[in-house]
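File shown: query25.txt (compact mmCIF, C-alpha atoms).
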# COMPACT_ATOMS: atom_id res chain seq x y z
CA MET A 1 144.79 57.58 143.04
CA LYS A 2 142.87 54.35 142.86
CA ILE A 3 143.77 50.71 142.36
CA GLU A 4 144.31 49.61 138.79
CA GLU A 5 140.98 47.95 137.99
CA SER A 6 142.56 45.01 136.21
CA LYS A 7 144.14 43.95 139.50
CA ILE A 8 140.83 43.68 141.33
CA LYS A 9 138.99 40.39 140.95
CA LYS A 10 135.31 39.75 141.52
CA HIS A 11 134.73 37.87 144.74
CA SER A 12 131.89 36.31 146.65
CA GLY A 13 132.98 35.28 150.11
CA THR A 14 131.69 34.90 153.62
CA SER A 15 132.59 38.31 154.99
CA PHE A 16 132.46 40.45 151.85
CA SER A 17 131.85 40.47 148.11
CA VAL A 18 133.47 42.40 145.30
CA THR A 19 131.48 43.37 142.22
CA LYS A 20 132.15 45.62 139.25
CA THR A 21 129.68 48.14 137.85
CA ASP A 22 130.60 50.28 134.84
CA GLY A 23 134.19 49.21 135.35
CA ILE A 24 134.36 50.33 138.98
CA SER A 25 134.98 47.75 141.69
CA LYS A 26 132.98 47.80 144.88
CA ILE A 27 133.76 45.82 148.01
CA ASP A 28 130.68 45.27 150.12
CA PHE A 29 130.84 44.12 153.72
CA GLY A 30 127.07 44.23 154.12
CA ASP A 31 125.00 46.43 156.41
CA GLY A 32 125.61 49.47 154.20
CA LYS A 33 129.38 49.19 154.59
CA TRP A 34 131.11 49.35 151.25
CA ILE A 35 133.99 51.01 149.45
CA GLU A 36 134.35 51.78 145.75
CA ASN A 37 137.61 52.01 143.89
CA ARG A 38 137.53 55.77 143.46
CA ASP A 39 140.09 58.55 143.51
CA TYR A 40 138.54 60.47 146.37
CA TYR A 41 139.23 57.84 149.04
CA GLY A 42 142.94 58.46 149.53
CA LYS A 43 142.74 62.15 148.65
CA VAL A 44 140.18 62.94 151.32
CA LEU A 45 141.56 60.79 154.12
CA PHE A 46 145.09 62.12 153.54
CA GLY A 47 143.78 65.70 153.41
CA ASP A 48 144.62 66.31 149.75
CA CYS A 49 141.20 67.84 149.21
CA LYS A 50 139.21 71.02 149.61
CA CYS A 51 138.26 69.83 153.06
CA PRO A 52 139.73 72.30 155.56
CA GLY A 53 138.97 70.20 158.64
CA ILE A 54 140.95 67.20 157.47
CA LYS A 55 143.54 69.17 155.53
CA ALA A 56 144.46 71.05 158.70
CA LEU A 57 145.46 67.77 160.36
CA TYR A 58 148.27 67.40 157.84
CA ASP A 59 149.37 71.04 157.58
CA GLY A 60 153.14 71.31 157.86
CA PHE A 61 153.41 67.60 158.55
CA SER A 62 155.50 65.21 156.51
CA PHE A 63 155.74 61.49 157.05
CA ASP A 64 157.64 58.55 155.69
CA LYS A 65 156.78 55.63 157.96
CA ILE A 66 153.08 54.96 158.28
CA LEU A 67 150.87 52.44 160.05
CA ILE A 68 147.34 52.15 158.68
CA GLY A 69 144.53 50.59 160.69
CA GLY A 70 142.01 48.91 158.36
CA LEU A 71 142.78 47.49 154.92
CA GLY A 72 139.54 47.95 153.00
CA LEU A 73 140.18 47.78 149.28
CA GLY A 74 143.79 48.83 149.80
CA LEU A 75 143.24 52.39 148.68
CA LEU A 76 145.02 54.04 151.63
CA PRO A 77 148.23 51.99 151.51
CA GLU A 78 148.33 52.37 147.73
CA TYR A 79 147.96 56.15 148.10
CA ALA A 80 150.67 56.21 150.78
CA LYS A 81 152.96 54.37 148.40
CA SER A 82 152.20 56.01 145.07
CA VAL A 83 151.40 59.58 146.09
CA LYS A 84 153.07 60.08 149.45
CA ASN A 85 156.11 57.95 148.61
CA CYS A 86 156.25 56.42 152.07
CA SER A 87 159.09 53.95 152.56
CA VAL A 88 157.38 51.98 155.34
CA ILE A 89 153.70 51.15 154.97
CA ASP A 90 152.29 48.66 157.46
CA VAL A 91 148.61 47.81 157.51
CA ILE A 92 146.75 46.14 160.38
CA GLU A 93 143.74 44.06 159.39
CA ASN A 94 141.89 41.38 161.34
CA ASN A 95 139.87 39.86 158.47
CA GLN A 96 141.87 36.91 157.13
CA GLU A 97 139.59 36.52 154.12
CA LEU A 98 140.28 40.13 153.19
CA ILE A 99 144.03 39.74 153.73
CA ASP A 100 144.04 36.71 151.44
CA TYR A 101 141.96 38.51 148.82
CA ILE A 102 144.01 41.73 148.62
CA ASP A 103 146.98 40.16 146.86
CA PHE A 104 147.78 43.04 144.54
CA LEU A 105 149.55 45.45 146.90
CA GLU A 106 153.28 45.48 146.48
CA SER A 107 156.33 46.36 148.57
CA PRO A 108 156.81 48.38 150.69
CA ILE A 109 153.21 47.67 151.69
CA ASN A 110 153.12 45.05 154.42
CA ILE A 111 149.86 43.63 155.76
CA VAL A 112 149.80 42.32 159.31
CA LYS A 113 146.94 40.33 160.81
CA GLY A 114 145.75 41.92 164.02
CA ASP A 115 143.22 44.13 165.75
CA ALA A 116 143.98 47.75 164.93
CA LEU A 117 142.56 48.84 168.27
CA SER A 118 144.94 46.75 170.32
CA TYR A 119 147.87 45.88 168.05
CA THR A 120 151.34 46.24 169.54
CA PRO A 121 153.73 47.56 166.90
CA SER A 122 157.32 46.42 166.64
CA LYS A 123 158.57 49.77 165.41
CA LYS A 124 157.81 53.48 165.54
CA TYR A 125 155.94 55.44 162.89
CA ASP A 126 155.62 59.05 161.74
CA LEU A 127 151.92 58.63 161.11
CA ILE A 128 149.39 56.17 162.50
CA LEU A 129 146.17 56.54 160.52
CA ILE A 130 143.13 54.60 161.68
CA ASP A 131 140.22 54.09 159.27
CA LEU A 132 137.89 51.48 160.73
CA TRP A 133 134.53 53.24 160.81
CA TRP A 134 131.79 54.38 158.49
CA GLU A 135 130.28 57.07 160.70
CA LYS A 136 131.93 59.74 162.81
CA GLU A 137 129.51 58.94 165.61
CA ASP A 138 130.95 55.42 165.87
CA ILE A 139 134.27 56.80 167.15
CA THR A 140 133.53 57.21 170.83
CA GLN A 141 135.77 59.05 173.26
CA GLU A 142 136.59 55.71 174.88
CA ILE A 143 137.80 54.33 171.54
CA GLN A 144 139.90 57.45 170.97
CA ASP A 145 141.44 57.18 174.43
CA ASN A 146 142.25 53.51 173.93
CA ILE A 147 143.90 54.19 170.56
CA LYS A 148 145.97 56.98 172.02
CA ASN A 149 147.09 54.85 174.97
CA ASN A 150 147.87 51.92 172.69
CA TYR A 151 149.94 53.75 170.10
CA ASN A 152 151.34 56.89 171.73
CA SER A 153 154.68 55.30 172.55
CA TYR A 154 155.07 54.04 168.98
CA LEU A 155 155.26 57.48 167.41
CA GLU A 156 158.47 59.01 166.18
CA THR A 157 159.23 62.49 167.49
CA GLY A 158 156.64 64.83 165.99
CA GLY A 159 154.57 61.87 164.83
CA LYS A 160 150.80 61.88 164.74
CA ILE A 161 147.85 59.58 165.28
CA ILE A 162 145.11 60.72 162.92
CA LEU A 163 141.49 59.64 162.73
CA PRO A 164 140.39 61.39 159.52
CA LEU A 165 136.72 60.45 159.79
CA ALA A 166 136.60 62.17 163.18
CA GLU A 167 138.74 65.03 161.81
CA LYS A 168 140.98 64.47 164.82
CA GLU A 169 144.59 64.12 165.80
CA LEU A 170 144.95 62.25 169.08
CA MET B 1 90.67 66.57 141.74
CA PRO B 2 89.85 69.07 138.95
CA ILE B 3 87.55 71.91 139.83
CA ALA B 4 84.60 72.39 137.54
CA TYR B 5 83.08 75.65 136.42
CA PRO B 6 81.40 77.52 137.80
CA TYR B 7 83.68 77.87 140.83
CA LYS B 8 82.01 77.59 144.19
CA PHE B 9 83.03 79.11 147.49
CA SER B 10 83.64 75.57 148.77
CA ASP B 11 86.23 75.05 146.03
CA TRP B 12 88.13 78.07 147.26
CA TYR B 13 88.06 77.01 150.89
CA SER B 14 89.14 73.46 150.05
CA TYR B 15 92.50 74.62 148.72
CA ASP B 16 95.56 73.83 150.79
CA LYS B 17 96.09 77.41 151.87
CA ASP B 18 99.35 76.85 153.76
CA CYS B 19 101.14 74.83 151.12
CA SER B 20 104.64 75.93 150.21
CA PRO B 21 106.83 75.05 147.25
CA ARG B 22 109.62 72.51 147.60
CA VAL B 23 113.14 73.88 147.62
CA GLY B 24 115.56 72.57 144.99
CA LYS B 25 119.21 72.05 145.86
CA TYR B 26 122.10 71.04 143.67
CA VAL B 27 123.24 67.61 144.82
CA TYR B 28 126.15 65.25 144.37
CA ASP B 29 123.94 62.30 143.50
CA THR B 30 126.53 59.53 143.47
CA ALA B 31 126.21 57.54 146.68
CA VAL B 32 129.34 57.43 148.83
CA PRO B 33 130.34 55.02 151.60
CA LYS B 34 131.15 57.73 154.14
CA GLY B 35 129.38 61.07 154.23
CA LEU B 36 132.53 63.15 154.10
CA PHE B 37 133.31 61.77 150.63
CA ALA B 38 130.26 63.68 149.38
CA CYS B 39 131.91 66.91 150.54
CA ALA B 40 133.80 69.35 148.32
CA GLN B 41 132.39 67.79 145.17
CA THR B 42 132.23 70.36 142.39
CA LEU B 43 128.77 71.03 140.98
CA THR B 44 127.58 73.24 138.15
CA ASN B 45 124.36 74.77 136.88
CA SER B 46 123.68 71.52 135.06
CA SER B 47 124.16 69.27 138.07
CA THR B 48 121.29 67.24 139.45
CA ILE B 49 118.70 69.03 141.55
CA TRP B 50 116.75 67.29 144.29
CA TYR B 51 113.84 68.78 146.17
CA PHE B 52 113.50 69.30 149.90
CA PRO B 53 110.59 70.59 152.00
CA ASP B 54 112.42 73.83 152.77
CA ALA B 55 115.83 75.49 152.69
CA SER B 56 116.96 73.84 155.93
CA PRO B 57 116.30 70.11 155.61
CA ALA B 58 116.08 68.06 158.77
CA SER B 59 115.77 64.46 159.90
CA GLY B 60 112.55 62.89 158.68
CA ASP B 61 112.15 65.19 155.67
CA GLN B 62 111.09 63.60 152.40
CA VAL B 63 113.46 64.18 149.48
CA TYR B 64 112.24 64.07 145.89
CA THR B 65 114.18 63.83 142.66
CA SER B 66 111.64 65.97 140.79
CA ALA B 67 109.81 69.16 141.62
CA THR B 68 106.51 67.35 141.19
CA GLY B 69 107.43 64.71 143.74
CA SER B 70 107.37 61.89 141.23
CA GLY B 71 110.56 60.18 142.36
CA THR B 72 112.76 59.64 145.39
CA PRO B 73 116.52 59.01 145.64
CA SER B 74 117.90 55.56 146.35
CA ALA B 75 119.08 54.88 149.88
CA GLY B 76 122.55 56.27 150.43
CA LYS B 77 124.80 59.13 151.44
CA TYR B 78 124.99 62.22 149.24
CA GLY B 79 125.99 65.88 149.33
CA TYR B 80 124.39 69.22 148.52
CA ILE B 81 125.32 72.86 148.25
CA ASN B 82 123.68 75.17 150.71
CA LEU B 83 121.60 77.48 148.56
CA ALA B 84 123.05 80.60 150.11
CA ASN B 85 126.52 79.48 149.03
CA PHE B 86 125.71 78.60 145.42
CA VAL B 87 127.27 81.03 142.96
CA GLY B 88 126.95 79.10 139.71
CA ASP B 89 130.46 79.83 138.45
CA GLY B 90 131.23 76.17 137.88
CA GLU B 91 133.36 75.95 141.00
CA ASP B 92 130.68 75.52 143.61
CA GLU B 93 131.29 72.63 145.97
CA THR B 94 129.04 70.58 148.17
CA ASP B 95 129.16 71.83 151.72
CA TYR B 96 126.69 69.48 153.39
CA HIS B 97 126.35 65.72 153.40
CA PHE B 98 123.22 63.75 154.19
CA GLU B 99 121.75 60.28 154.12
CA VAL B 100 118.38 59.05 152.94
CA ASN B 101 116.71 55.70 153.54
CA SER B 102 115.08 53.52 150.90
CA SER B 103 112.00 55.78 150.94
CA GLY B 104 114.09 58.88 150.27
CA VAL B 105 113.65 60.19 153.81
CA LEU B 106 116.51 61.95 155.61
CA THR B 107 117.80 59.65 158.34
CA ALA B 108 119.39 62.52 160.30
CA ASN B 109 119.96 66.23 160.04
CA PRO B 110 122.37 67.03 157.20
CA SER B 111 125.92 67.64 158.43
CA ALA B 112 128.12 70.57 157.49
CA CYS B 113 131.26 69.37 155.74
CA PRO B 114 134.52 69.45 157.69

For the structure just supplied, provide its representation as structure tokens.
Amino acid sequence: MKIEESKIKKHSGTSFSVTKTDGISKIDFGDGKWIENRDYYGKVLFGDCKCPGIKALYDGFSFDKILIGGLGLGLLPEYAKSVKNCSVIDVIENNQELIDYIDFLESPINIVKGDALSYTPSKKYDLILIDLWWEKEDITQEIQDNIKNNYNSYLETGGKIILPLAEKEL
Amino acid sequence: MPIAYPYKFSDWYSYDKDCSPRVGKYVYDTAVPKGLFACAQTLTNSSTIWYFPDASPASGDQVYTSATGSGTPSAGKYGYINLANFVGDGEDETDYHFEVNSSGVLTANPSACP
């Protein structure tokens, strides 16, 4: 599941650029941090892949209300909507330029400006999925502890906080 | 440098006597933003092969895109199938991911896929 290419515009901004090569959009934040509009993004991070470590995080777990930390190209909220059929999809993003640019995501996807590491939700979720990093090594134990402390009381009964890049449930 | 006839003993002794062949591995050669996206990619007998110094690549190893060492991969994150796990039935999947710099050198030890 990827974003319909016709919805993604080329962009050259201050914090990122979006280019198209062979019909595939790529958002580039610089410093080797980029995302392409490809099917694998949502599949892998939601465990719908031949990736036992991540898949196991979702085994026997169903969710309807989801909070996603990090907007990127919008691939995760779009997957949550189109494949997982979630009825509540909130996304926390602190880059205003990115929030303004991603104008193609539709209800029930709701983008909120804020820091995903310290945001205080106004409701509870079944799944809180944080995708802010490019390398597993960037997710320190301190960061994990802070995320758990910040969000633990905003989980529905049986809910989960998942950091797919770290292959971890907090 | 070509060796001329007749061979001399010095020609023989000047050979690199401890050289070893590079090891080819089937790779997922499309760069990905996060290493784990290079995991579980299906490869076949006709997939790209890149060449490593030995069967267990490590940080600092040079990677080549040809057996003769005539090319190196672009900087990025990729995946390969551990040789011991390659069957060749068309359903083999990458089980390691790795990153190379702009010189085609491994920036860290390859990681087993989750």

Taking all atoms listed in the file into account, name the residue in B:Gly76, B:Gly24, B:Gly60, B:Pro6 that is nearest to chain A. B:Gly76

With a distance threshold of 8 Å and counting all atoms listed in the file, extract the residues of chain B near chain A and express them as number ranges by chain. B: 32-37, 39-40, 113-114

If we count only C-alpha atoms, what is near region 158-162 of chain A at a cut-off of 12 Å, once residues fewer than 5 positions away on the same chain are taken out, given as a PDB file with C-alpha atoms, keeping the file's coordinate frame?
ATOM      1  CA  LEU A  45     141.560  60.790 154.120  1.00  0.00           C
ATOM      2  CA  PHE A  46     145.090  62.120 153.540  1.00  0.00           C
ATOM      3  CA  GLY A  47     143.780  65.700 153.410  1.00  0.00           C
ATOM      4  CA  ILE A  54     140.950  67.200 157.470  1.00  0.00           C
ATOM      5  CA  LYS A  55     143.540  69.170 155.530  1.00  0.00           C
ATOM      6  CA  ALA A  56     144.460  71.050 158.700  1.00  0.00           C
ATOM      7  CA  LEU A  57     145.460  67.770 160.360  1.00  0.00           C
ATOM      8  CA  TYR A  58     148.270  67.400 157.840  1.00  0.00           C
ATOM      9  CA  ASP A  59     149.370  71.040 157.580  1.00  0.00           C
ATOM     10  CA  GLY A  60     153.140  71.310 157.860  1.00  0.00           C
ATOM     11  CA  PHE A  61     153.410  67.600 158.550  1.00  0.00           C
ATOM     12  CA  SER A  62     155.500  65.210 156.510  1.00  0.00           C
ATOM     13  CA  PHE A  63     155.740  61.490 157.050  1.00  0.00           C
ATOM     14  CA  ASP A  64     157.640  58.550 155.690  1.00  0.00           C
ATOM     15  CA  LYS A  65     156.780  55.630 157.960  1.00  0.00           C
ATOM     16  CA  ILE A  66     153.080  54.960 158.280  1.00  0.00           C
ATOM     17  CA  LEU A  67     150.870  52.440 160.050  1.00  0.00           C
ATOM     18  CA  ILE A  68     147.340  52.150 158.680  1.00  0.00           C
ATOM     19  CA  GLY A  69     144.530  50.590 160.690  1.00  0.00           C
ATOM     20  CA  LYS A 124     157.810  53.480 165.540  1.00  0.00           C
ATOM     21  CA  TYR A 125     155.940  55.440 162.890  1.00  0.00           C
ATOM     22  CA  ASP A 126     155.620  59.050 161.740  1.00  0.00           C
ATOM     23  CA  LEU A 127     151.920  58.630 161.110  1.00  0.00           C
ATOM     24  CA  ILE A 128     149.390  56.170 162.500  1.00  0.00           C
ATOM     25  CA  LEU A 129     146.170  56.540 160.520  1.00  0.00           C
ATOM     26  CA  ILE A 130     143.130  54.600 161.680  1.00  0.00           C
ATOM     27  CA  ASP A 131     140.220  54.090 159.270  1.00  0.00           C
ATOM     28  CA  LEU A 132     137.890  51.480 160.730  1.00  0.00           C
ATOM     29  CA  GLN A 144     139.900  57.450 170.970  1.00  0.00           C
ATOM     30  CA  ASP A 145     141.440  57.180 174.430  1.00  0.00           C
ATOM     31  CA  ASN A 146     142.250  53.510 173.930  1.00  0.00           C
ATOM     32  CA  ILE A 147     143.900  54.190 170.560  1.00  0.00           C
ATOM     33  CA  LYS A 148     145.970  56.980 172.020  1.00  0.00           C
ATOM     34  CA  ASN A 149     147.090  54.850 174.970  1.00  0.00           C
ATOM     35  CA  ASN A 150     147.870  51.920 172.690  1.00  0.00           C
ATOM     36  CA  TYR A 151     149.940  53.750 170.100  1.00  0.00           C
ATOM     37  CA  ASN A 152     151.340  56.890 171.730  1.00  0.00           C
ATOM     38  CA  SER A 153     154.680  55.300 172.550  1.00  0.00           C
ATOM     39  CA  GLU A 167     138.740  65.030 161.810  1.00  0.00           C
ATOM     40  CA  LYS A 168     140.980  64.470 164.820  1.00  0.00           C
ATOM     41  CA  GLU A 169     144.590  64.120 165.800  1.00  0.00           C
ATOM     42  CA  LEU A 170     144.950  62.250 169.080  1.00  0.00           C
TER      43      LEU A 170
END

Exercise: Ala38 (chain B) partners within 6 Å, only C-alpha atoms, chain neighbours under 5 positions left out, as an NGL selection string: :B and (78-79 or 97)

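Ranking A:Asp39, A:Pro121, A:Lys26, A:Asn95 by their shortest atom-to-atom distance to Thr14 (chain A), with only C-alpha atoms included, puts A:Asn95 first.
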
If we count all atoms listed in the file, what is near region 54-57 of chain B at a cut-off of 8 Å, once residues fewer than 2 positions away on the same chain are taken out, given as a list in words? Pro21, Arg22, Val23, Phe52, Ser59, Asp61, Leu83, Asn109 and Pro110 of chain B

For Thr44 (chain B), please output as a list in words all residues within 10 Å (counting only C-alpha atoms; exclusion window: fewer than 6 positions along the same chain). Tyr26, Val27, Phe86, Val87, Gly88, Asp89, Gly90, Glu91, Asp92 and Glu93 of chain B

Restricting to all atoms listed in the file, whichever of A:Asn85, A:Asn94, A:Ser122, A:Thr140 is closest to Ser107 (chain A) is A:Asn85

Which is closer to Thr72 (chain B) than all the others in B:Tyr7, B:Tyr28, B:Tyr51, B:Phe98, using all atoms listed in the file?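 Answer, going by the shortest atom-to-atom distance: B:Tyr51.
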
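The spacing separating CA of Val88 (chain A) from CA of Ala116 (chain A) amounts to 17.0 Å.
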
May I ask for the distance between CA of Leu71 (chain A) and CA of Thr157 (chain A), given in Å to one decimal place?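 Rounded to one decimal, the two atoms are 25.6 Å apart.
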
Shortest interatomic distance to Glu5 (chain A) - which of A:Phe104, A:Ser87, A:Leu98, A:Glu137, counting only C-alpha atoms: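 So, comparing all the options, the nearest one is A:Phe104.
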
How many Å lie between CA of Ser6 (chain A) and CA of Ile24 (chain A), rounded to one decimal?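 Separation of CA of Ser6 (chain A) and CA of Ile24 (chain A): 10.2 Å.
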
With distances taken over all atoms listed in the file, which of B:Lys25, B:Thr68, B:Asn45, B:Ala75 is nearest to Tyr96 (chain B)?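 When distances to Tyr96 (chain B) are compared using all atoms listed in the file, the smallest one comes from B:Lys25.
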
What's around Pro73 (chain B) at 9 Å? Count all atoms listed in the file, leave out sequence neighbours fewer than 3 positions away in its own chain, and write the answer as a ChimeraX atom specification. /B:29,50,63-65,76,100-105
